[in-house]
$ cat run.cif   # mmCIF, C-alpha atoms
data_start
#
loop_
_atom_site.label_atom_id
_atom_site.label_comp_id
_atom_site.auth_asym_id
_atom_site.auth_seq_id
_atom_site.Cartn_x
_atom_site.Cartn_y
_atom_site.Cartn_z
CA MET A 18 143.10 117.16 93.89
CA ARG A 19 139.90 118.68 92.55
CA THR A 20 139.04 115.46 90.70
CA THR A 21 139.53 113.42 93.89
CA LEU A 22 137.21 115.74 95.81
CA ARG A 23 134.60 115.50 93.08
CA MET A 24 134.87 111.68 93.05
CA MET A 25 134.38 111.59 96.84
CA GLN A 26 131.28 113.77 96.53
CA TYR A 27 129.98 111.54 93.74
CA LYS A 28 130.53 108.41 95.87
CA LYS A 29 128.74 110.04 98.83
CA LEU A 30 125.84 110.93 96.56
CA LEU A 31 125.66 107.32 95.35
CA VAL A 32 125.72 105.93 98.89
CA TYR A 33 123.08 108.41 100.08
CA SER A 34 120.89 107.68 97.06
CA PHE A 35 121.26 103.93 97.59
CA ILE A 36 120.14 104.23 101.22
CA VAL A 37 117.11 106.38 100.28
CA ILE A 38 116.16 103.91 97.53
CA LEU A 39 116.65 100.94 99.89
CA ILE A 40 114.31 102.50 102.47
CA PHE A 41 111.78 103.29 99.73
CA VAL A 42 111.93 99.71 98.40
CA LEU A 43 111.57 98.15 101.88
CA ASP A 44 108.52 100.33 102.47
CA ARG A 45 107.00 99.52 99.06
CA LEU A 46 107.55 95.77 99.45
CA SER A 47 105.91 95.74 102.89
CA LYS A 48 102.93 97.74 101.62
CA LEU A 49 102.56 95.62 98.49
CA TYR A 50 102.58 92.48 100.63
CA ILE A 51 99.81 93.85 102.86
CA LEU A 52 97.81 95.17 99.90
CA ASN A 53 98.04 91.77 98.19
CA LEU A 54 96.81 90.12 101.38
CA ALA A 55 93.90 92.56 101.49
CA GLU A 56 93.08 91.87 97.86
CA THR A 57 93.00 88.09 98.32
CA SER A 58 91.18 88.01 101.66
CA SER A 59 89.18 91.28 101.40
CA SER A 60 90.68 92.62 104.66
CA VAL A 61 93.82 92.43 106.75
CA ASP A 62 93.44 91.75 110.47
CA ILE A 63 96.29 89.44 111.49
CA TYR A 64 97.19 88.66 115.09
CA ILE A 65 100.99 88.42 115.44
CA ASN A 66 101.37 88.36 119.24
CA SER A 67 99.91 90.00 122.36
CA PHE A 68 101.19 93.47 121.40
CA LEU A 69 101.38 93.47 117.60
CA ASN A 70 98.78 93.03 114.86
CA LEU A 71 98.67 93.76 111.17
CA TYR A 72 95.56 95.75 110.42
CA LEU A 73 95.17 97.72 107.16
CA ILE A 74 93.79 101.24 107.26
CA TRP A 75 94.04 104.04 104.70
CA ASN A 76 95.50 107.28 106.04
CA LYS A 77 94.60 110.52 104.25
CA GLY A 78 96.32 112.75 106.83
CA ILE A 79 99.93 113.21 107.81
CA ALA A 80 101.96 111.44 110.50
CA PHE A 81 99.84 108.73 112.11
CA GLY A 82 96.60 110.00 110.56
CA ILE A 83 96.78 113.47 112.09
CA LEU A 84 95.02 116.15 109.99
CA SER A 85 92.93 113.65 108.00
CA PHE A 86 90.56 115.48 105.68
CA GLU A 87 88.14 114.28 103.04
CA GLU A 88 88.36 117.54 101.12
CA SER A 89 90.73 117.17 98.16
CA PHE A 90 91.94 120.80 98.27
CA ILE A 91 93.33 120.38 101.79
CA TYR A 92 94.72 116.93 100.91
CA ASN A 93 96.52 118.40 97.89
CA LEU A 94 97.78 121.33 99.97
CA ILE A 95 99.25 118.93 102.53
CA THR A 96 100.86 116.91 99.71
CA ILE A 97 102.47 120.07 98.29
CA LEU A 98 103.71 120.96 101.78
CA ILE A 99 105.28 117.48 102.07
CA VAL A 100 107.07 118.00 98.72
CA ILE A 101 108.44 121.33 99.97
CA ILE A 102 109.61 119.70 103.21
CA ASN A 103 111.33 116.97 101.15
CA LEU A 104 113.18 119.66 99.21
CA ILE A 105 114.30 121.23 102.49
CA ILE A 106 115.47 117.80 103.70
CA ILE A 107 117.47 117.34 100.48
CA PHE A 108 119.08 120.72 101.16
CA MET A 109 119.89 119.58 104.73
CA ILE A 110 121.46 116.39 103.36
CA ILE A 111 123.65 118.41 101.00
CA LYS A 112 124.56 120.86 103.78
CA SER A 113 125.25 118.20 106.43
CA LYS A 114 128.87 117.23 106.90
CA ASP A 115 128.60 114.76 109.76
CA TYR A 116 126.69 111.67 110.88
CA LYS A 117 123.39 113.63 111.00
CA VAL A 118 123.16 113.17 107.25
CA TYR A 119 122.03 109.59 107.89
CA PHE A 120 119.15 110.80 110.07
CA TRP A 121 118.04 113.14 107.27
CA ILE A 122 118.40 110.30 104.72
CA SER A 123 116.23 108.05 106.89
CA ILE A 124 113.54 110.72 107.04
CA LEU A 125 113.74 111.34 103.29
CA GLY A 126 113.53 107.66 102.35
CA GLY A 127 110.45 107.16 104.50
CA SER A 128 108.90 110.37 103.28
CA PHE A 129 109.36 109.34 99.65
CA GLY A 130 107.57 106.06 100.42
CA ASN A 131 104.56 107.82 101.92
CA LEU A 132 104.59 110.57 99.28
CA PHE A 133 104.45 107.93 96.55
CA ASP A 134 101.34 106.45 98.19
CA ARG A 135 99.69 109.86 98.61
CA ILE A 136 100.13 110.49 94.89
CA TYR A 137 99.40 106.96 93.60
CA TYR A 138 96.59 105.87 95.96
CA SER A 139 95.46 109.27 97.30
CA ALA A 140 96.06 107.78 100.77
CA VAL A 141 98.82 105.97 102.66
CA PRO A 142 98.31 102.33 103.67
CA ASP A 143 99.16 101.89 107.35
CA PHE A 144 99.12 98.42 108.83
CA ILE A 145 101.35 97.99 111.90
CA ASP A 146 99.14 98.06 114.99
CA PHE A 147 101.27 98.19 118.14
CA HIS A 148 99.35 97.94 121.40
CA ILE A 149 99.63 97.15 125.08
CA ASN A 150 96.39 95.63 126.36
CA ASN A 151 93.66 97.98 125.12
CA PHE A 152 95.97 100.95 124.55
CA HIS A 153 96.68 101.09 120.80
CA TRP A 154 99.33 103.35 119.34
CA PHE A 155 98.53 104.93 115.97
CA VAL A 156 98.60 102.40 113.13
CA PHE A 157 101.73 103.03 111.07
CA ASN A 158 103.92 101.57 108.30
CA VAL A 159 107.60 100.92 107.57
CA ALA A 160 108.14 104.41 106.14
CA ASP A 161 106.83 105.90 109.38
CA ILE A 162 109.40 103.86 111.33
CA PHE A 163 112.26 105.39 109.32
CA ILE A 164 110.80 108.90 109.55
CA SER A 165 110.22 108.65 113.30
CA THR A 166 113.64 107.13 113.96
CA GLY A 167 115.36 109.89 111.99
CA VAL A 168 113.41 112.63 113.77
CA ILE A 169 114.04 111.10 117.22
CA CYS A 170 117.77 110.81 116.47
CA LEU A 171 117.90 114.47 115.35
CA ILE A 172 116.11 115.54 118.54
CA PHE A 173 118.44 113.48 120.76
CA ASP A 174 121.45 114.84 118.92
CA GLU A 175 120.23 118.40 119.42
CA ILE A 176 119.49 117.88 123.12
CA PHE A 177 122.52 115.84 124.16
CA PHE A 178 125.31 116.74 121.73
CA ASN A 179 124.70 120.28 120.48
CA ASN A 180 123.92 121.41 124.02
CA ARG A 181 127.30 120.05 125.14
CA LYS A 182 129.07 121.90 122.31
CA THR A 183 127.49 125.19 123.40
CA THR A 184 128.46 124.59 127.04
CA ASN A 185 132.05 123.73 126.09
CA GLU A 186 132.38 126.83 123.92
CA LEU A 187 131.55 129.16 126.84
#
$ encode --input "run.cif" --output "structure tokens"
Amino acid sequence: MRTTLRMMQYKKLLVYSFIVILIFVLDRLSKLYILNLAETSSSVDIYINSFLNLYLIWNKGIAFGILSFEESFIYNLITILIVIINLIIIFMIIKSKDYKVYFWISILGGSFGNLFDRIYYSAVPDFIDFHINNFHWFVFNVADIFISTGVICLIFDEIFFNNRKTTNEL
């Protein structure tokens, strides 16, 4: 009985780790592709269609370039904060016993991709430029897609499902 439970936990850990690694690899491959393009043509500014371009920028801030600073102390402080948040997310993954674990895993996989870049390049390469006419959203990358999707799913779950549980318990 105890061995079966331990094996199930081990299998869950393997599946969760595989998903995090898969997200990390997808992010790395997309960034390496764009960085190789930039290296061979000195810049990346590719028109895909009327609402999507690939345009390489280097982000020294956090989500979508917010809190960008040139000062290395603040940059390093933000990086340490991101590591602490990742540790909290790992705790949430361990604690989670339902489908929300996949939202946390999505956030963690994307966060690892961007954290790697912050440490290796001292900036995160962003290159997906979504726009409607002259309104451009922040330039982002594949890791940001996974992070944003996970956060949005957690928010929707909290609003629509946890609220219903509280109402039903009354």
$ residues_around --input "run.cif" --residues "stretch 119-124 of chain A" --least-positions-apart "4" --cutoff "9 Å" --atoms "only C-alpha atoms" --output "NGL selection string"
:A and (33-34 or 36-37 or 40 or 103 or 106-107 or 109-110 or 113 or 115 or 128-129 or 160-161 or 163-171)
$ atom_distance --input "run.cif" --atom1 "atom CA of A:Asp143" --atom2 "atom CA of A:Glu88"
20.0 Å
$ atom_distance --input "run.cif" --atom1 "atom CA of A:Ile97" --atom2 "atom CA of A:Lys112"
22.8 Å
$ atom_distance --input "run.cif" --atom1 "atom CA of A:Asp146" --atom2 "atom CA of A:Phe68"
8.1 Å
$ closest_residue --input "run.cif" --among "A:Leu22, A:Val42, A:Leu54, A:Leu94" --to "A:Gly126" --atoms "all atoms listed in the file"
A:Val42
$ resolve_selection --input "run.cif" --expression "the PyMOL selection byres ((chain A and resi 66) around 12)" --output "ChimeraX atom specification"
/A:63-65,67-71,146-150
$ closest_residue --input "run.cif" --among "A:Gln26, A:Asn53, A:Ser59, A:Asn76" --to "A:Pro142" --atoms "only C-alpha atoms"
A:Asn76
$ closest_residue --input "run.cif" --among "A:Ser89, A:Asn151, A:Ser47, A:Thr21" --to "A:Ile136" --atoms "only C-alpha atoms"
A:Ser89
$ residues_around --input "run.cif" --residues "A:Leu73" --least-positions-apart "3" --cutoff "8 Å" --atoms "only C-alpha atoms" --output "ChimeraX atom specification"
/A:51,55,60-62,142-145
$ resolve_selection --input "run.cif" --expression "the PyMOL selection byres ((chain A and resi 141) around 9)" --output "VMD selection string"
chain A and resid 74 to 79 131 to 135 138 to 140 142 to 143 158
$ axis_aligned_box --input "run.cif" --around "stretch 111-117 of chain A" --padding-each-side "8 Å" --output "JSON"
{"center_x": 126.1, "center_y": 116.3, "center_z": 106.0, "size_x": 21.5, "size_y": 25.2, "size_z": 26.0}
$ decode --input "run.cif" --residues "stretch 152-174 of chain A" --atoms "N, CA, C and O atoms" --output "compact mmCIF listing (two decimals), in the first residue's frame"
# COMPACT_ATOMS: atom_id res chain seq x y z
N PHE A 152 -2.00 49.89 -32.50
CA PHE A 152 -1.95 49.53 -31.08
C PHE A 152 -1.13 48.25 -30.93
O PHE A 152 -1.55 47.18 -31.37
N HIS A 153 0.04 48.36 -30.33
CA HIS A 153 0.92 47.21 -30.12
C HIS A 153 0.86 46.79 -28.67
O HIS A 153 1.00 47.60 -27.76
N TRP A 154 0.63 45.49 -28.46
CA TRP A 154 0.74 44.92 -27.13
C TRP A 154 2.22 44.86 -26.79
O TRP A 154 3.07 45.04 -27.64
N PHE A 155 2.56 44.60 -25.55
CA PHE A 155 3.97 44.43 -25.18
C PHE A 155 4.56 43.30 -26.01
O PHE A 155 3.89 42.30 -26.27
N VAL A 156 5.82 43.43 -26.38
CA VAL A 156 6.51 42.35 -27.07
C VAL A 156 6.80 41.26 -26.04
O VAL A 156 7.24 41.55 -24.93
N PHE A 157 6.55 40.01 -26.40
CA PHE A 157 6.69 38.92 -25.44
C PHE A 157 7.31 37.71 -26.10
O PHE A 157 7.70 37.74 -27.26
N ASN A 158 7.45 36.61 -25.34
CA ASN A 158 8.06 35.38 -25.86
C ASN A 158 7.19 34.18 -25.48
O ASN A 158 6.15 34.32 -24.85
N VAL A 159 7.64 32.99 -25.84
CA VAL A 159 6.87 31.77 -25.58
C VAL A 159 6.71 31.53 -24.08
O VAL A 159 5.63 31.14 -23.63
N ALA A 160 7.75 31.78 -23.31
CA ALA A 160 7.65 31.60 -21.85
C ALA A 160 6.55 32.49 -21.28
O ALA A 160 5.78 32.06 -20.41
N ASP A 161 6.46 33.71 -21.77
CA ASP A 161 5.43 34.63 -21.29
C ASP A 161 4.03 34.12 -21.59
O ASP A 161 3.10 34.34 -20.82
N ILE A 162 3.87 33.42 -22.71
CA ILE A 162 2.57 32.84 -23.06
C ILE A 162 2.16 31.81 -22.01
O ILE A 162 1.03 31.81 -21.53
N PHE A 163 3.09 30.94 -21.63
CA PHE A 163 2.78 29.91 -20.62
C PHE A 163 2.53 30.54 -19.25
O PHE A 163 1.61 30.13 -18.54
N ILE A 164 3.33 31.54 -18.88
CA ILE A 164 3.14 32.20 -17.60
C ILE A 164 1.78 32.89 -17.56
O ILE A 164 1.00 32.71 -16.62
N SER A 165 1.48 33.65 -18.60
CA SER A 165 0.21 34.39 -18.65
C SER A 165 -0.99 33.45 -18.66
O SER A 165 -1.99 33.69 -17.97
N THR A 166 -0.90 32.38 -19.44
CA THR A 166 -2.00 31.41 -19.50
C THR A 166 -2.24 30.78 -18.14
O THR A 166 -3.38 30.66 -17.69
N GLY A 167 -1.17 30.38 -17.45
CA GLY A 167 -1.31 29.80 -16.12
C GLY A 167 -1.93 30.77 -15.13
O GLY A 167 -2.82 30.41 -14.36
N VAL A 168 -1.47 32.02 -15.15
CA VAL A 168 -2.01 33.03 -14.23
C VAL A 168 -3.48 33.30 -14.53
O VAL A 168 -4.32 33.35 -13.62
N ILE A 169 -3.82 33.45 -15.81
CA ILE A 169 -5.22 33.70 -16.19
C ILE A 169 -6.12 32.54 -15.76
O ILE A 169 -7.22 32.75 -15.23
N CYS A 170 -5.65 31.31 -15.96
CA CYS A 170 -6.44 30.14 -15.54
C CYS A 170 -6.63 30.11 -14.03
O CYS A 170 -7.73 29.79 -13.54
N LEU A 171 -5.60 30.46 -13.26
CA LEU A 171 -5.73 30.51 -11.80
C LEU A 171 -6.73 31.58 -11.38
O LEU A 171 -7.54 31.36 -10.47
N ILE A 172 -6.70 32.73 -12.05
CA ILE A 172 -7.64 33.81 -11.72
C ILE A 172 -9.06 33.38 -12.04
O ILE A 172 -9.97 33.55 -11.22
N PHE A 173 -9.28 32.81 -13.25
CA PHE A 173 -10.62 32.33 -13.62
C PHE A 173 -11.11 31.26 -12.65
O PHE A 173 -12.27 31.26 -12.25
N ASP A 174 -10.23 30.36 -12.28
CA ASP A 174 -10.61 29.31 -11.33
C ASP A 174 -11.04 29.92 -10.01
O ASP A 174 -12.05 29.51 -9.43
